Amino acid sequence: MALPGRGISRWKLDDHLQRQFVSLGGGLVTNSRIAPASGVIWAAGRPRQPSPWLGLKCHARKLPLTHDLEMFTSPGGYIGLAKIEDGMVNLCGLFRARLARGVKGSALLLTMLRESSLHALADRLEAADLDESSFCGVAGFQTGLQTGPAFSIGDAASMIPPFTGNGMSMAFESAECALQPALDYAAGRKSWLEAAETATASQASRFKRRLTAATILHHLLMNRAALRITRTLARRNMVPVQTLLHLVR
């Protein structure tokens with residue numbers, strides 16, 4: 001069943017979560033990172049590894065959208081635009097990594113869009129108000145299952161291709177998968193390794209279908225011939241959008 005969604009920036013969501021955590025009695029330590037160990041559920045993001053991908057994010061104001069969510073794709077990369085709070089738009093793109101000397105911030109995003117032949121979108125963004133303080137670039141990652149500490153959740157456990165818009169949902173879901181094993185460990189009913197294996201198996205069962213489907217669709221989105229076929233089908237309203245959405249959710 002289709003349900004309405006709400007758009008919120010990662011910054012505002014993080015702020016709400018930390019406030020709720022502290023109000024419930026939690027102790028939050030910032031600007032610090034501990035090492036993996038027994039009793040530590042690892043949620044520190046994806047491990048660094050060689051990658052052909054570059055992820056870029058930015059917020060924009062004064063950027064009218066034709067829909068609540070817009071997506072643009074080419075063999076060089078893809079990008080999604082979604083409305084968030086206070087009239088802002090969240091931009092999140094994945095591109096084939098290229099060396100762009102002397103280019104950074106929003107200028108790097110515009111450069112990657114033009115190199116990916118998304119010129120009309122780049123023109124729209126140039127006319128908008130891009131928030132440089134919100135710009136973020138990530139590299140050195142691979143999608144799919146991750147190789148990290150035994151008891152991991154979120155991106156540290158698995159990364160779905162970003163076009164699905166399902167990464168944050170999977171982070172919350174993986175935390176849910178980890179809850180009972182963590183409680184069992186705390187109560188002495190399971191060893192740390194047993195708790196980790198149970199949480200990992202639960203995540204694998206929940207995410208296997210969507211990770212497989214998303215990986216296949218990701219490769220199609222980056223394939224020139226597949227994009228031509230998809231464009232033809234879309235013009236004839238023959239793309240099974242709801243079925244595809246269900247596969248990656």
# chains A, B, ... in the order shown; residues from 1 in each chain; ligands from 1

$ residues_around --residues "range 146-153 of chain A" --least-positions-apart "4" --cutoff "7 Å" --atoms "only C-alpha atoms" --output "ChimeraX atom specification"
/A:36,41-43,46-47,157-158,171,174-175,196

$ residues_around --residues "Leu247 in chain A" --least-positions-apart "6" --cutoff "8 Å" --atoms "only C-alpha atoms" --output "MDAnalysis selection string"
chainID A and resid 209:210 213:214

$ closest_atom_pairs --of "range 16-81 of chain A" --to "range 220-223 of chain A" --cutoff "9 Å" --atoms "only C-alpha atoms" --output "CSV"
residue,atom,partner,partner_atom,distance
A:Thr73,CA,A:Leu221,CA,6.8
A:Ser74,CA,A:Met222,CA,6.3
A:Pro75,CA,A:Met222,CA,4.2
A:Gly76,CA,A:Met222,CA,6.7
A:Gly77,CA,A:Met222,CA,6.6
A:Tyr78,CA,A:Leu221,CA,7.9

$ closest_residue --among "A:Cys58, A:Ala178, A:Leu108, A:Met170" --to "Asp129 in chain A" --atoms "only C-alpha atoms"
A:Cys58

$ select_by_dssp --residues "range 43-232 of chain A" --states "strand (DSSP E)" --output "ChimeraX atom specification"
/A:53-61,69-74,77-83,89-96,129-139,144-145,158-159

$ closest_residue --among "A:Gln180, A:Ser117, A:Ser51, A:Thr111" --to "Phe141 in chain A" --atoms "only C-alpha atoms"
A:Ser51

$ residues_around --residues "Ala97 in chain A" --least-positions-apart "5" --cutoff "10 Å" --atoms "only C-alpha atoms" --output "ChimeraX atom specification"
/A:51-55,76-77,112,139-140

$ write_last_selection --atoms "N, CA and C atoms" --output "CSV table (one decimal), in the first residue's frame"
chain,number,residue,atom,x,y,z
A,51,SER,N,37.1,2.6,-5.1
A,51,SER,CA,35.8,2.7,-5.6
A,51,SER,C,35.8,3.6,-6.9
A,52,PRO,N,34.9,3.3,-7.9
A,52,PRO,CA,34.8,4.2,-9.0
A,52,PRO,C,33.8,5.3,-8.8
A,53,TRP,N,33.2,5.4,-7.6
A,53,TRP,CA,32.1,6.2,-7.4
A,53,TRP,C,32.4,7.5,-6.6
A,54,LEU,N,31.7,8.5,-6.9
A,54,LEU,CA,31.8,9.8,-6.1
A,54,LEU,C,30.3,10.2,-5.8
A,55,GLY,N,30.0,10.3,-4.5
A,55,GLY,CA,28.7,10.8,-4.0
A,55,GLY,C,28.8,12.2,-3.6
A,76,GLY,N,26.8,8.5,-17.0
A,76,GLY,CA,27.8,9.0,-16.2
A,76,GLY,C,27.5,9.2,-14.7
A,77,GLY,N,26.2,9.0,-14.4
A,77,GLY,CA,25.7,9.2,-13.0
A,77,GLY,C,24.3,9.5,-12.9
A,112,MET,N,30.2,17.9,-12.5
A,112,MET,CA,29.8,16.4,-12.7
A,112,MET,C,28.5,16.3,-13.5
A,139,ALA,N,33.7,9.5,-1.1
A,139,ALA,CA,34.3,8.6,-2.1
A,139,ALA,C,34.9,7.4,-1.3
A,140,GLY,N,35.5,6.5,-2.0
A,140,GLY,CA,36.1,5.3,-1.3
A,140,GLY,C,35.1,4.4,-0.7

$ select_by_dssp --residues "range 26-202 of chain A" --states "helix (DSSP H, G or I)" --output "PyMOL selection string"
chain A and resi 85-87+106-115+119-127+154-156+162-164+167-186+192-202

$ write_last_selection --atoms "C-alpha atoms" --output "mmCIF file, in the first residue's frame"
data_model
loop_
_atom_site.group_PDB
_atom_site.id
_atom_site.type_symbol
_atom_site.label_atom_id
_atom_site.label_comp_id
_atom_site.auth_asym_id
_atom_site.auth_seq_id
_atom_site.Cartn_x
_atom_site.Cartn_y
_atom_site.Cartn_z
ATOM 1 C CA GLU A 85 11.942 21.484 5.303
ATOM 2 C CA ASP A 86 11.790 25.278 5.047
ATOM 3 C CA GLY A 87 11.310 25.327 1.275
ATOM 4 C CA SER A 106 28.761 23.191 -5.527
ATOM 5 C CA ALA A 107 31.012 23.915 -8.527
ATOM 6 C CA LEU A 108 32.094 20.274 -8.415
ATOM 7 C CA LEU A 109 28.460 19.154 -8.461
ATOM 8 C CA LEU A 110 27.725 21.358 -11.481
ATOM 9 C CA THR A 111 30.848 20.066 -13.227
ATOM 10 C CA MET A 112 29.848 16.440 -12.669
ATOM 11 C CA LEU A 113 26.339 17.135 -13.972
ATOM 12 C CA ARG A 114 27.679 18.689 -17.164
ATOM 13 C CA GLU A 115 30.213 15.894 -17.666
ATOM 14 C CA HIS A 119 23.168 20.251 -18.860
ATOM 15 C CA ALA A 120 19.558 21.408 -18.391
ATOM 16 C CA LEU A 121 19.616 20.393 -14.735
ATOM 17 C CA ALA A 122 22.984 22.104 -14.214
ATOM 18 C CA ASP A 123 21.478 25.308 -15.654
ATOM 19 C CA ARG A 124 18.550 25.057 -13.209
ATOM 20 C CA LEU A 125 20.901 24.624 -10.263
ATOM 21 C CA GLU A 126 23.075 27.546 -11.336
ATOM 22 C CA ALA A 127 19.982 29.744 -11.206
ATOM 23 C CA GLY A 154 23.484 0.872 8.904
ATOM 24 C CA ASP A 155 25.993 1.627 6.157
ATOM 25 C CA ALA A 156 28.642 -0.235 8.159
ATOM 26 C CA PRO A 162 21.441 5.573 -3.442
ATOM 27 C CA PHE A 163 18.895 5.927 -6.270
ATOM 28 C CA THR A 164 16.488 3.853 -4.129
ATOM 29 C CA GLY A 167 19.519 4.028 2.902
ATOM 30 C CA MET A 168 18.185 5.817 5.984
ATOM 31 C CA SER A 169 15.246 3.429 6.258
ATOM 32 C CA MET A 170 17.645 0.491 6.167
ATOM 33 C CA ALA A 171 19.718 2.102 8.915
ATOM 34 C CA PHE A 172 16.688 2.215 11.193
ATOM 35 C CA GLU A 173 15.613 -1.276 10.179
ATOM 36 C CA SER A 174 19.058 -2.715 10.826
ATOM 37 C CA ALA A 175 18.989 -1.137 14.300
ATOM 38 C CA GLU A 176 15.681 -2.913 14.871
ATOM 39 C CA CYS A 177 17.299 -6.182 13.776
ATOM 40 C CA ALA A 178 20.089 -5.585 16.302
ATOM 41 C CA LEU A 179 17.873 -4.720 19.270
ATOM 42 C CA GLN A 180 16.898 -8.171 20.549
ATOM 43 C CA PRO A 181 20.366 -9.719 20.029
ATOM 44 C CA ALA A 182 21.866 -6.766 21.916
ATOM 45 C CA LEU A 183 19.384 -7.248 24.765
ATOM 46 C CA ASP A 184 20.178 -10.968 24.836
ATOM 47 C CA TYR A 185 23.891 -10.162 25.129
ATOM 48 C CA ALA A 186 23.248 -7.609 27.897
ATOM 49 C CA TRP A 192 28.845 -11.252 21.815
ATOM 50 C CA LEU A 193 29.645 -13.382 18.765
ATOM 51 C CA GLU A 194 26.270 -15.157 18.969
ATOM 52 C CA ALA A 195 24.464 -11.826 19.241
ATOM 53 C CA ALA A 196 26.417 -10.461 16.262
ATOM 54 C CA GLU A 197 25.642 -13.530 14.139
ATOM 55 C CA THR A 198 21.933 -13.318 14.987
ATOM 56 C CA ALA A 199 21.760 -9.621 14.071
ATOM 57 C CA THR A 200 23.670 -10.212 10.830
ATOM 58 C CA ALA A 201 21.378 -13.088 9.833
ATOM 59 C CA SER A 202 18.299 -10.977 10.569
#

$ atom_distance --atom1 "CA of Ala225 in chain A" --atom2 "CA of Ala82 in chain A"
27.1 Å

$ atom_distance --atom1 "CA of Ile79 in chain A" --atom2 "CA of Leu227 in chain A"
14.6 Å

$ atom_distance --atom1 "CA of Asn166 in chain A" --atom2 "CA of Thr243 in chain A"
15.4 Å
